[in-house]
file data.txt (compact mmCIF, C-alpha atoms)
# COMPACT_ATOMS: atom_id res chain seq x y z
CA MET A 1029 93.66 45.59 115.52
CA LYS A 1030 94.18 45.95 111.79
CA LEU A 1031 94.93 49.53 110.85
CA VAL A 1032 96.23 51.89 108.21
CA PHE A 1033 98.65 54.57 109.44
CA MET A 1034 98.74 57.97 107.70
CA GLY A 1035 101.40 60.50 108.68
CA THR A 1036 104.44 62.36 107.40
CA PRO A 1037 106.71 64.43 109.73
CA ASP A 1038 108.76 63.67 112.84
CA PHE A 1039 105.72 64.33 115.04
CA ALA A 1040 104.02 61.23 113.60
CA VAL A 1041 107.02 58.90 113.98
CA ALA A 1042 106.56 58.26 117.70
CA THR A 1043 102.95 57.19 117.19
CA LEU A 1044 103.77 54.77 114.36
CA ALA A 1045 106.59 53.28 116.44
CA ARG A 1046 104.31 52.89 119.48
CA LEU A 1047 101.53 51.20 117.50
CA ALA A 1048 104.00 48.79 115.93
CA GLU A 1049 105.41 48.05 119.40
CA ASP A 1050 101.85 47.42 120.66
CA GLY A 1051 101.54 44.64 118.09
CA HIS A 1052 98.82 46.09 115.90
CA ASP A 1053 98.49 44.70 112.38
CA ILE A 1054 99.60 47.71 110.31
CA ALA A 1055 98.32 46.86 106.83
CA ALA A 1056 99.80 49.92 105.13
CA VAL A 1057 101.45 53.27 105.78
CA TYR A 1058 100.42 56.34 103.81
CA THR A 1059 102.74 59.35 103.71
CA ARG A 1060 103.70 62.23 101.46
CA ALA A 1061 105.96 61.48 98.51
CA PRO A 1062 109.73 61.95 98.88
CA ALA A 1063 110.77 65.59 98.48
CA ARG A 1064 114.02 67.19 97.40
CA SER A 1065 116.05 68.75 100.22
CA GLY A 1066 119.59 69.41 101.38
CA ARG A 1067 122.53 70.84 99.46
CA GLY A 1068 122.34 68.22 96.73
CA MET A 1069 118.54 68.50 96.50
CA ALA A 1070 118.30 64.71 96.57
CA LEU A 1071 114.91 63.04 96.96
CA ARG A 1072 114.43 62.16 100.62
CA PRO A 1073 111.63 60.08 102.09
CA SER A 1074 109.55 61.53 104.90
CA PRO A 1075 110.44 60.55 108.49
CA VAL A 1076 107.38 58.29 108.61
CA HIS A 1077 108.39 56.69 105.30
CA ALA A 1078 111.88 56.00 106.64
CA LEU A 1079 110.53 54.34 109.79
CA ALA A 1080 107.98 52.29 107.85
CA ASP A 1081 110.75 50.99 105.59
CA GLY A 1082 112.75 50.05 108.66
CA LEU A 1083 109.77 48.16 110.07
CA GLY A 1084 109.17 46.38 106.77
CA LEU A 1085 105.73 47.94 106.29
CA PRO A 1086 104.21 48.60 102.85
CA VAL A 1087 104.25 52.33 102.02
CA HIS A 1088 101.97 54.30 99.69
CA THR A 1089 102.57 57.90 98.60
CA PRO A 1090 99.54 58.82 96.46
CA ALA A 1091 99.32 62.31 94.99
CA THR A 1092 95.56 62.28 95.68
CA LEU A 1093 93.02 60.24 97.62
CA LYS A 1094 90.11 61.38 95.48
CA SER A 1095 90.56 59.02 92.53
CA PRO A 1096 88.67 55.72 92.13
CA ASP A 1097 91.98 53.86 92.12
CA ALA A 1098 93.01 55.43 95.44
CA LEU A 1099 89.69 54.43 96.99
CA THR A 1100 89.96 50.88 95.67
CA LEU A 1101 93.48 50.52 97.09
CA PHE A 1102 92.42 51.92 100.47
CA ARG A 1103 89.49 49.51 100.66
CA SER A 1104 91.77 46.58 99.82
CA HIS A 1105 93.60 46.94 103.16
CA GLY A 1106 90.48 45.78 105.04
CA CYS A 1107 91.38 47.93 108.05
CA ASP A 1108 89.37 48.32 111.24
CA VAL A 1109 90.58 51.88 111.77
CA ALA A 1110 92.83 54.48 110.16
CA VAL A 1111 95.21 56.43 112.39
CA VAL A 1112 96.10 59.88 111.04
CA VAL A 1113 98.91 62.03 112.47
CA ALA A 1114 99.97 65.17 110.56
CA TYR A 1115 99.49 63.43 107.21
CA GLY A 1116 99.32 66.68 105.25
CA MET A 1117 96.49 65.71 102.90
CA LEU A 1118 92.73 66.03 103.36
CA LEU A 1119 90.79 62.77 103.46
CA PRO A 1120 87.63 62.77 101.31
CA GLN A 1121 84.41 61.42 102.76
CA ALA A 1122 84.69 58.23 100.70
CA ILE A 1123 87.97 57.39 102.44
CA LEU A 1124 86.66 58.38 105.87
CA ASP A 1125 83.77 55.94 105.46
CA VAL A 1126 85.93 52.89 104.74
CA PRO A 1127 87.30 51.78 108.17
CA ARG A 1128 84.82 50.03 110.45
CA HIS A 1129 85.77 52.30 113.37
CA GLY A 1130 86.41 55.39 111.25
CA CYS A 1131 89.55 57.49 111.06
CA LEU A 1132 91.17 58.72 114.27
CA ASN A 1133 93.31 61.83 114.14
CA LEU A 1134 95.94 62.82 116.71
CA HIS A 1135 95.86 66.64 116.79
CA ALA A 1136 98.41 68.79 118.65
CA SER A 1137 96.06 71.24 120.35
CA LEU A 1138 93.11 71.45 122.72
CA LEU A 1139 90.30 71.61 120.17
CA PRO A 1140 88.50 73.71 119.07
CA ARG A 1141 91.41 76.07 119.73
CA TRP A 1142 93.98 75.89 116.96
CA ARG A 1143 92.27 73.80 114.33
CA GLY A 1144 94.45 73.66 111.25
CA ALA A 1145 97.99 73.36 109.99
CA ALA A 1146 100.24 74.92 112.64
CA PRO A 1147 98.73 74.42 116.11
CA ILE A 1148 102.03 74.13 117.99
CA GLN A 1149 103.60 77.27 116.51
CA ARG A 1150 100.41 79.32 116.87
CA ALA A 1151 99.98 78.39 120.53
CA ILE A 1152 103.46 79.70 121.38
CA MET A 1153 103.09 82.78 119.16
CA ALA A 1154 99.80 83.66 120.86
CA GLY A 1155 101.30 83.40 124.34
CA ASP A 1156 99.10 80.47 125.40
CA THR A 1157 99.91 79.00 128.80
CA GLU A 1158 98.49 75.57 128.00
CA SER A 1159 98.42 73.17 125.06
CA GLY A 1160 97.86 69.46 124.60
CA VAL A 1161 96.93 66.64 122.28
CA GLY A 1162 93.58 65.12 121.43
CA ILE A 1163 92.19 62.08 119.65
CA MET A 1164 89.42 63.09 117.26
CA ARG A 1165 87.17 61.00 115.02
CA MET A 1166 87.60 62.66 111.67
CA GLU A 1167 84.90 64.34 109.60
CA ALA A 1168 85.13 65.98 106.19
CA GLY A 1169 85.59 69.43 107.81
CA LEU A 1170 88.97 70.75 108.95
CA ASP A 1171 89.52 69.31 112.45
CA THR A 1172 85.79 69.50 113.19
CA GLY A 1173 85.21 65.95 114.44
CA PRO A 1174 84.19 64.90 117.95
CA VAL A 1175 86.97 64.42 120.51
CA ALA A 1176 87.46 61.14 122.37
CA LEU A 1177 90.54 61.69 124.58
CA GLU A 1178 92.75 64.63 125.58
CA GLU A 1179 95.95 65.28 127.51
CA ARG A 1180 96.94 68.78 128.65
CA VAL A 1181 100.46 70.22 128.87
CA ALA A 1182 101.58 73.49 130.48
CA ILE A 1183 103.56 75.86 128.26
CA ALA A 1184 106.46 77.11 130.37
CA PRO A 1185 107.83 80.64 129.93
CA GLY A 1186 110.41 80.73 127.15
CA MET A 1187 109.26 77.43 125.64
CA SER A 1188 109.81 77.23 121.87
CA ALA A 1189 107.67 75.48 119.30
CA GLY A 1190 110.39 72.83 119.11
CA ASP A 1191 110.24 72.29 122.87
CA LEU A 1192 106.45 71.91 122.81
CA HIS A 1193 106.62 69.61 119.78
CA ASP A 1194 109.05 67.31 121.60
CA ALA A 1195 106.90 67.34 124.76
CA LEU A 1196 103.66 66.52 122.94
CA MET A 1197 105.04 63.83 120.63
CA PRO A 1198 105.41 60.96 123.16
CA ILE A 1199 102.25 62.02 125.01
CA GLY A 1200 100.32 61.84 121.75
CA ALA A 1201 101.74 58.41 120.93
CA ALA A 1202 100.71 57.08 124.35
CA LEU A 1203 97.24 58.62 124.00
CA MET A 1204 96.66 56.96 120.61
CA SER A 1205 97.87 53.66 122.03
CA ARG A 1206 95.33 54.04 124.82
CA ALA A 1207 92.56 54.93 122.38
CA LEU A 1208 93.12 51.85 120.23
CA SER A 1209 93.37 49.60 123.27
CA GLN A 1210 90.00 50.88 124.44
CA LEU A 1211 88.49 50.65 120.95
CA GLU A 1212 89.26 46.93 120.83
CA HIS A 1213 86.75 46.39 123.65
CA GLU A 1214 84.21 49.21 123.44
CA PRO A 1215 83.33 52.34 121.44
CA LEU A 1216 85.26 55.49 122.31
CA PRO A 1217 83.27 58.19 124.12
CA LEU A 1218 82.90 61.08 121.67
CA THR A 1219 82.19 64.71 122.59
CA ARG A 1220 81.16 67.22 119.96
CA GLN A 1221 83.40 70.27 119.77
CA SER A 1222 82.05 73.58 120.96
CA GLU A 1223 82.15 76.47 118.52
CA GLU A 1224 83.07 78.73 121.44
CA GLY A 1225 86.80 79.40 121.57
CA LEU A 1226 87.32 78.31 117.97
CA VAL A 1227 90.63 79.58 116.52
CA TYR A 1228 92.32 78.49 113.29
CA ALA A 1229 96.06 77.78 113.17
CA ARG A 1230 96.75 78.96 109.66
CA LYS A 1231 99.89 77.79 107.88
CA ILE A 1232 103.07 79.73 108.70
CA THR A 1233 104.20 81.97 105.85
CA ASN A 1234 107.72 83.19 105.14
CA GLU A 1235 106.48 86.79 105.15
CA GLU A 1236 105.38 86.68 108.79
CA ALA A 1237 108.75 85.34 109.97
CA ARG A 1238 110.30 88.84 109.90
CA ILE A 1239 110.66 90.29 113.41
CA ASP A 1240 108.75 93.51 114.11
CA TRP A 1241 110.55 95.39 116.89
CA SER A 1242 107.69 97.92 117.05
CA LYS A 1243 105.60 95.43 119.02
CA PRO A 1244 105.78 94.92 122.81
CA ALA A 1245 108.64 92.72 123.99
CA ARG A 1246 106.43 89.85 125.14
CA GLU A 1247 104.80 89.62 121.71
CA VAL A 1248 108.20 89.75 120.00
CA ALA A 1249 109.57 86.98 122.22
CA ASN A 1250 106.49 84.80 121.64
CA HIS A 1251 106.82 85.35 117.90
CA ILE A 1252 110.48 84.33 117.94
CA ASN A 1253 109.97 81.28 120.15
CA GLY A 1254 106.89 80.19 118.22
CA LEU A 1255 108.82 80.06 114.94
CA SER A 1256 111.76 78.13 116.40
CA PRO A 1257 113.34 76.03 115.05
CA PHE A 1258 111.40 76.31 111.77
CA PRO A 1259 111.12 78.48 109.79
CA GLY A 1260 112.94 80.75 112.25
CA ALA A 1261 112.09 84.39 112.94
CA PHE A 1262 114.61 86.77 111.42
CA PHE A 1263 115.82 90.32 110.99
CA GLU A 1264 118.10 91.70 108.30
CA THR A 1265 120.98 94.07 108.84
CA ASP A 1266 124.23 95.19 107.23
CA LEU A 1267 127.13 93.74 109.18
CA GLY A 1268 129.82 95.17 106.94
CA LYS A 1269 129.52 92.99 103.86
CA GLY A 1270 126.07 93.92 102.66
CA PRO A 1271 122.61 92.87 103.91
CA GLU A 1272 122.61 89.71 106.01
CA ARG A 1273 119.75 87.69 107.43
CA VAL A 1274 120.02 86.72 111.09
CA LYS A 1275 117.68 84.08 112.49
CA VAL A 1276 116.71 84.35 116.14
CA LEU A 1277 115.79 80.96 117.61
CA ARG A 1278 115.10 81.89 121.22
CA ALA A 1279 114.39 85.08 123.14
CA MET A 1280 112.83 86.29 126.35
CA PRO A 1281 111.35 89.62 127.45
CA THR A 1282 113.43 91.80 129.74
CA GLU A 1283 113.72 95.39 130.90
CA GLY A 1284 115.08 98.12 128.66
CA GLN A 1285 113.95 101.16 126.76
CA SER A 1286 114.98 102.96 123.58
CA ALA A 1287 113.79 103.30 120.01
CA PRO A 1288 112.48 99.92 118.75
CA GLY A 1289 115.24 97.86 117.15
CA THR A 1290 118.08 99.46 119.13
CA LEU A 1291 120.82 97.24 120.56
CA LEU A 1292 121.04 98.12 124.25
CA ASP A 1293 124.06 96.18 125.48
CA ALA A 1294 126.78 93.65 124.69
CA ALA A 1295 124.56 90.73 125.77
CA GLY A 1296 122.18 91.08 122.83
CA VAL A 1297 119.26 92.97 124.36
CA ILE A 1298 117.16 94.84 121.79
CA ALA A 1299 114.54 97.47 122.53
CA CYS A 1300 110.93 96.96 121.49
CA ALA A 1301 107.88 99.24 121.62
CA LYS A 1302 107.53 98.32 125.28
CA ASP A 1303 110.49 96.89 127.22
CA ALA A 1304 113.10 94.78 125.38
CA VAL A 1305 114.02 91.25 124.38
CA GLN A 1306 117.13 89.28 125.25
CA LEU A 1307 118.24 87.33 122.19
CA THR A 1308 119.60 84.07 123.58
CA GLU A 1309 120.05 81.86 120.49
CA LEU A 1310 120.85 83.13 116.98
CA ARG A 1311 122.19 81.82 113.70
CA ARG A 1312 123.81 84.02 111.03
CA ALA A 1313 123.28 83.03 107.41
CA GLY A 1314 126.22 80.94 106.24
CA LYS A 1315 128.11 81.41 109.51
CA GLY A 1316 127.81 77.98 111.10
CA GLY A 1317 125.99 76.98 114.26
CA ILE A 1318 123.87 78.58 116.94
CA VAL A 1319 125.43 81.31 119.08
CA THR A 1320 124.34 83.29 122.12
CA GLY A 1321 123.30 86.92 121.95
CA ALA A 1322 126.62 87.98 123.48
CA ASP A 1323 128.59 85.89 120.96
CA PHE A 1324 126.61 87.43 118.11
CA VAL A 1325 127.30 90.98 119.27
CA ARG A 1326 130.98 90.24 119.76
CA GLY A 1327 131.40 88.32 116.51
CA ALA A 1328 129.64 90.99 114.46
CA HIS A 1329 131.58 93.79 116.21
CA LEU A 1330 128.41 95.63 117.22
CA ALA A 1331 128.21 98.51 119.66
CA PRO A 1332 125.25 99.49 121.86
CA GLY A 1333 123.11 101.94 119.94
CA THR A 1334 123.22 99.92 116.70
CA ARG A 1335 119.79 99.97 115.05
CA PHE A 1336 118.19 96.97 113.42
CA PRO A 1337 115.34 97.55 110.93
call {"tool": "encode", "arguments": {"input": "data.txt", "output": "structure tokens"}}
result
Amino acid sequence: MKLVFMGTPDFAVATLARLAEDGHDIAAVYTRAPARSGRGMALRPSPVHALADGLGLPVHTPATLKSPDALTLFRSHGCDVAVVVAYGMLLPQAILDVPRHGCLNLHASLLPRWRGAAPIQRAIMAGDTESGVGIMRMEAGLDTGPVALEERVAIAPGMSAGDLHDALMPIGAALMSRALSQLEHEPLPLTRQSEEGLVYARKITNEEARIDWSKPAREVANHINGLSPFPGAFFETDLGKGPERVKVLRAMPTEGQSAPGTLLDAAGVIACAKDAVQLTELRRAGKGGIVTGADFVRGAHLAPGTRFP
């Protein structure tokens, strides 16, 4: 099948690799333009861009899809279907109408729950016990299209957004492979989304990454795990050389009681409004790699009773 692939981050890489392995005729790859990152702030291509280059596929990084030139270029590919995985740009109706079989989106949630930009993080932050991936035929609305196929995945206690991302990525690639294989022979069965249970996964902001110890321990742990590894939930404290930001990458609820934000023991247990959280993975700003809660307490020379704001 002749297709155009549209995606940007790591999550989309597995799907592009699988479709290339399946032997589909990938006429073009669309991704976001290279961005500056790292210490030298060098321009770096997206993960999808890097893979497409390695596969020898033509890559396009338009700033918009709304111009006449963008539409003309898209039409020139003569594709049967467009496959969209975390592309990061809305597709106008004119683009959606071009492929003979439409545009199929791989979305990392069980729609209509968690439509939007951050479905994996929001599922963990909300304490969901189940997530999944779905293949949706795209419409002009935000993740409003009918769903063709779904796969469900249990969210285990203590699972981080990174863990769920890595679990869903190969499942999503296999599901899209299955969808295109079926589409070559017959139309996909499409089910309209219910408006019941609709929740939007709004984009993660830096402001909400700060840990609020005044919430119950389970909510605090879900917040920490849902923002791991990126952007990383954090608290700030003075460890002897002025204010320092400490990122917490994994935590779990446990027993304990004191004023919220109080360090309870040498293992890195901190009191919340109800119960406490065990900090299991942390990273201090400018201090190297990930450490355990006990290593953090020891390395920062902290005593039980220390208060964190």
call {"tool": "closest_residue", "arguments": {"input": "data.txt", "among": "A:Leu1124, A:Leu1170, A:Leu1277, A:Leu1177", "to": "Gly1317 of chain A", "atoms": "all atoms listed in the file"}}
result
A:Leu1277
call {"tool": "atom_distance", "arguments": {"input": "data.txt", "atom1": "atom CA of Thr1219 of chain A", "atom2": "atom CA of Ala1176 of chain A"}}
result
6.4 Å
call {"tool": "closest_residue", "arguments": {"input": "data.txt", "among": "A:Lys1302, A:Arg1311, A:Arg1143, A:Arg1273", "to": "Pro1337 of chain A", "atoms": "all atoms listed in the file"}}
result
A:Arg1273
call {"tool": "residues_around", "arguments": {"input": "data.txt", "residues": "Pro1075 of chain A", "least_positions_apart": "5", "cutoff": "8 Å", "atoms": "all atoms listed in the file", "output": "list in words"}}
result
Thr1036, Pro1037, Asp1038 and Val1041 of chain A
call {"tool": "write_last_selection", "arguments": {"input": "data.txt", "atoms": "C-alpha atoms", "output": "PDB file, keeping the file's coordinate frame"}}
result
ATOM      1  CA  THR A1036     104.440  62.360 107.400  1.00  0.00           C
ATOM      2  CA  PRO A1037     106.710  64.430 109.730  1.00  0.00           C
ATOM      3  CA  ASP A1038     108.760  63.670 112.840  1.00  0.00           C
ATOM      4  CA  VAL A1041     107.020  58.900 113.980  1.00  0.00           C
TER       5      VAL A1041
END
call {"tool": "residues_around", "arguments": {"input": "data.txt", "residues": "Lys1030 of chain A", "least_positions_apart": "4", "cutoff": "8 Å", "atoms": "only C-alpha atoms", "output": "list in words"}}
result
His1052, Asp1053, Ile1054, Ala1055, Gly1106, Cys1107, Asp1108 and Val1109 of chain A
call {"tool": "closest_residue", "arguments": {"input": "data.txt", "among": "A:Ala1304, A:Val1274, A:Met1280, A:Leu1132", "to": "Val1325 of chain A", "atoms": "only C-alpha atoms"}}
result
A:Val1274
call {"tool": "closest_residue", "arguments": {"input": "data.txt", "among": "A:Ala1168, A:Ile1152, A:Leu1071, A:Ala1091", "to": "Asp1125 of chain A", "atoms": "all atoms listed in the file"}}
result
A:Ala1168
call {"tool": "closest_residue", "arguments": {"input": "data.txt", "among": "A:Met1029, A:Val1276, A:Leu1267, A:Ala1261", "to": "Ala1207 of chain A", "atoms": "all atoms listed in the file"}}
result
A:Met1029
call {"tool": "closest_residue", "arguments": {"input": "data.txt", "among": "A:Trp1142, A:Phe1033, A:Trp1241, A:Tyr1115", "to": "Leu1291 of chain A", "atoms": "all atoms listed in the file"}}
result
A:Trp1241
call {"tool": "build_atoms", "arguments": {"input": "data.txt", "residues": "segment 1189-1201 of chain A", "atoms": "N, CA, C and O atoms", "output": "PDB file, in the frame of the given file"}}
result
ATOM      1  N   ALA A1189     108.516  76.442 119.999  1.00  0.00           N
ATOM      2  CA  ALA A1189     107.670  75.480 119.300  1.00  0.00           C
ATOM      3  C   ALA A1189     108.351  74.112 119.261  1.00  0.00           C
ATOM      4  O   ALA A1189     107.687  73.077 119.385  1.00  0.00           O
ATOM      5  N   GLY A1190     109.660  74.098 119.097  1.00  0.00           N
ATOM      6  CA  GLY A1190     110.390  72.830 119.110  1.00  0.00           C
ATOM      7  C   GLY A1190     110.290  72.118 120.450  1.00  0.00           C
ATOM      8  O   GLY A1190     110.133  70.897 120.504  1.00  0.00           O
ATOM      9  N   ASP A1191     110.372  72.883 121.536  1.00  0.00           N
ATOM     10  CA  ASP A1191     110.240  72.290 122.870  1.00  0.00           C
ATOM     11  C   ASP A1191     108.857  71.670 123.054  1.00  0.00           C
ATOM     12  O   ASP A1191     108.730  70.552 123.575  1.00  0.00           O
ATOM     13  N   LEU A1192     107.823  72.405 122.646  1.00  0.00           N
ATOM     14  CA  LEU A1192     106.450  71.910 122.810  1.00  0.00           C
ATOM     15  C   LEU A1192     106.208  70.699 121.910  1.00  0.00           C
ATOM     16  O   LEU A1192     105.570  69.731 122.324  1.00  0.00           O
ATOM     17  N   HIS A1193     106.709  70.757 120.693  1.00  0.00           N
ATOM     18  CA  HIS A1193     106.620  69.610 119.780  1.00  0.00           C
ATOM     19  C   HIS A1193     107.186  68.353 120.426  1.00  0.00           C
ATOM     20  O   HIS A1193     106.562  67.284 120.428  1.00  0.00           O
ATOM     21  N   ASP A1194     108.379  68.475 121.010  1.00  0.00           N
ATOM     22  CA  ASP A1194     109.050  67.310 121.600  1.00  0.00           C
ATOM     23  C   ASP A1194     108.328  66.823 122.860  1.00  0.00           C
ATOM     24  O   ASP A1194     108.383  65.632 123.181  1.00  0.00           O
ATOM     25  N   ALA A1195     107.656  67.742 123.572  1.00  0.00           N
ATOM     26  CA  ALA A1195     106.900  67.340 124.760  1.00  0.00           C
ATOM     27  C   ALA A1195     105.616  66.613 124.375  1.00  0.00           C
ATOM     28  O   ALA A1195     105.224  65.632 125.028  1.00  0.00           O
ATOM     29  N   LEU A1196     104.956  67.086 123.323  1.00  0.00           N
ATOM     30  CA  LEU A1196     103.660  66.520 122.940  1.00  0.00           C
ATOM     31  C   LEU A1196     103.791  65.197 122.190  1.00  0.00           C
ATOM     32  O   LEU A1196     102.879  64.370 122.238  1.00  0.00           O
ATOM     33  N   MET A1197     104.900  64.999 121.500  1.00  0.00           N
ATOM     34  CA  MET A1197     105.040  63.830 120.630  1.00  0.00           C
ATOM     35  C   MET A1197     104.866  62.504 121.379  1.00  0.00           C
ATOM     36  O   MET A1197     104.041  61.672 120.974  1.00  0.00           O
ATOM     37  N   PRO A1198     105.599  62.244 122.470  1.00  0.00           N
ATOM     38  CA  PRO A1198     105.410  60.960 123.160  1.00  0.00           C
ATOM     39  C   PRO A1198     104.068  60.876 123.882  1.00  0.00           C
ATOM     40  O   PRO A1198     103.490  59.784 124.009  1.00  0.00           O
ATOM     41  N   ILE A1199     103.557  62.021 124.344  1.00  0.00           N
ATOM     42  CA  ILE A1199     102.250  62.020 125.010  1.00  0.00           C
ATOM     43  C   ILE A1199     101.169  61.633 124.005  1.00  0.00           C
ATOM     44  O   ILE A1199     100.254  60.855 124.299  1.00  0.00           O
ATOM     45  N   GLY A1200     101.273  62.183 122.786  1.00  0.00           N
ATOM     46  CA  GLY A1200     100.320  61.840 121.750  1.00  0.00           C
ATOM     47  C   GLY A1200     100.379  60.373 121.364  1.00  0.00           C
ATOM     48  O   GLY A1200      99.346  59.727 121.145  1.00  0.00           O
ATOM     49  N   ALA A1201     101.590  59.828 121.268  1.00  0.00           N
ATOM     50  CA  ALA A1201     101.740  58.410 120.930  1.00  0.00           C
ATOM     51  C   ALA A1201     101.089  57.526 121.987  1.00  0.00           C
ATOM     52  O   ALA A1201     100.385  56.552 121.666  1.00  0.00           O
TER      53      ALA A1201
END
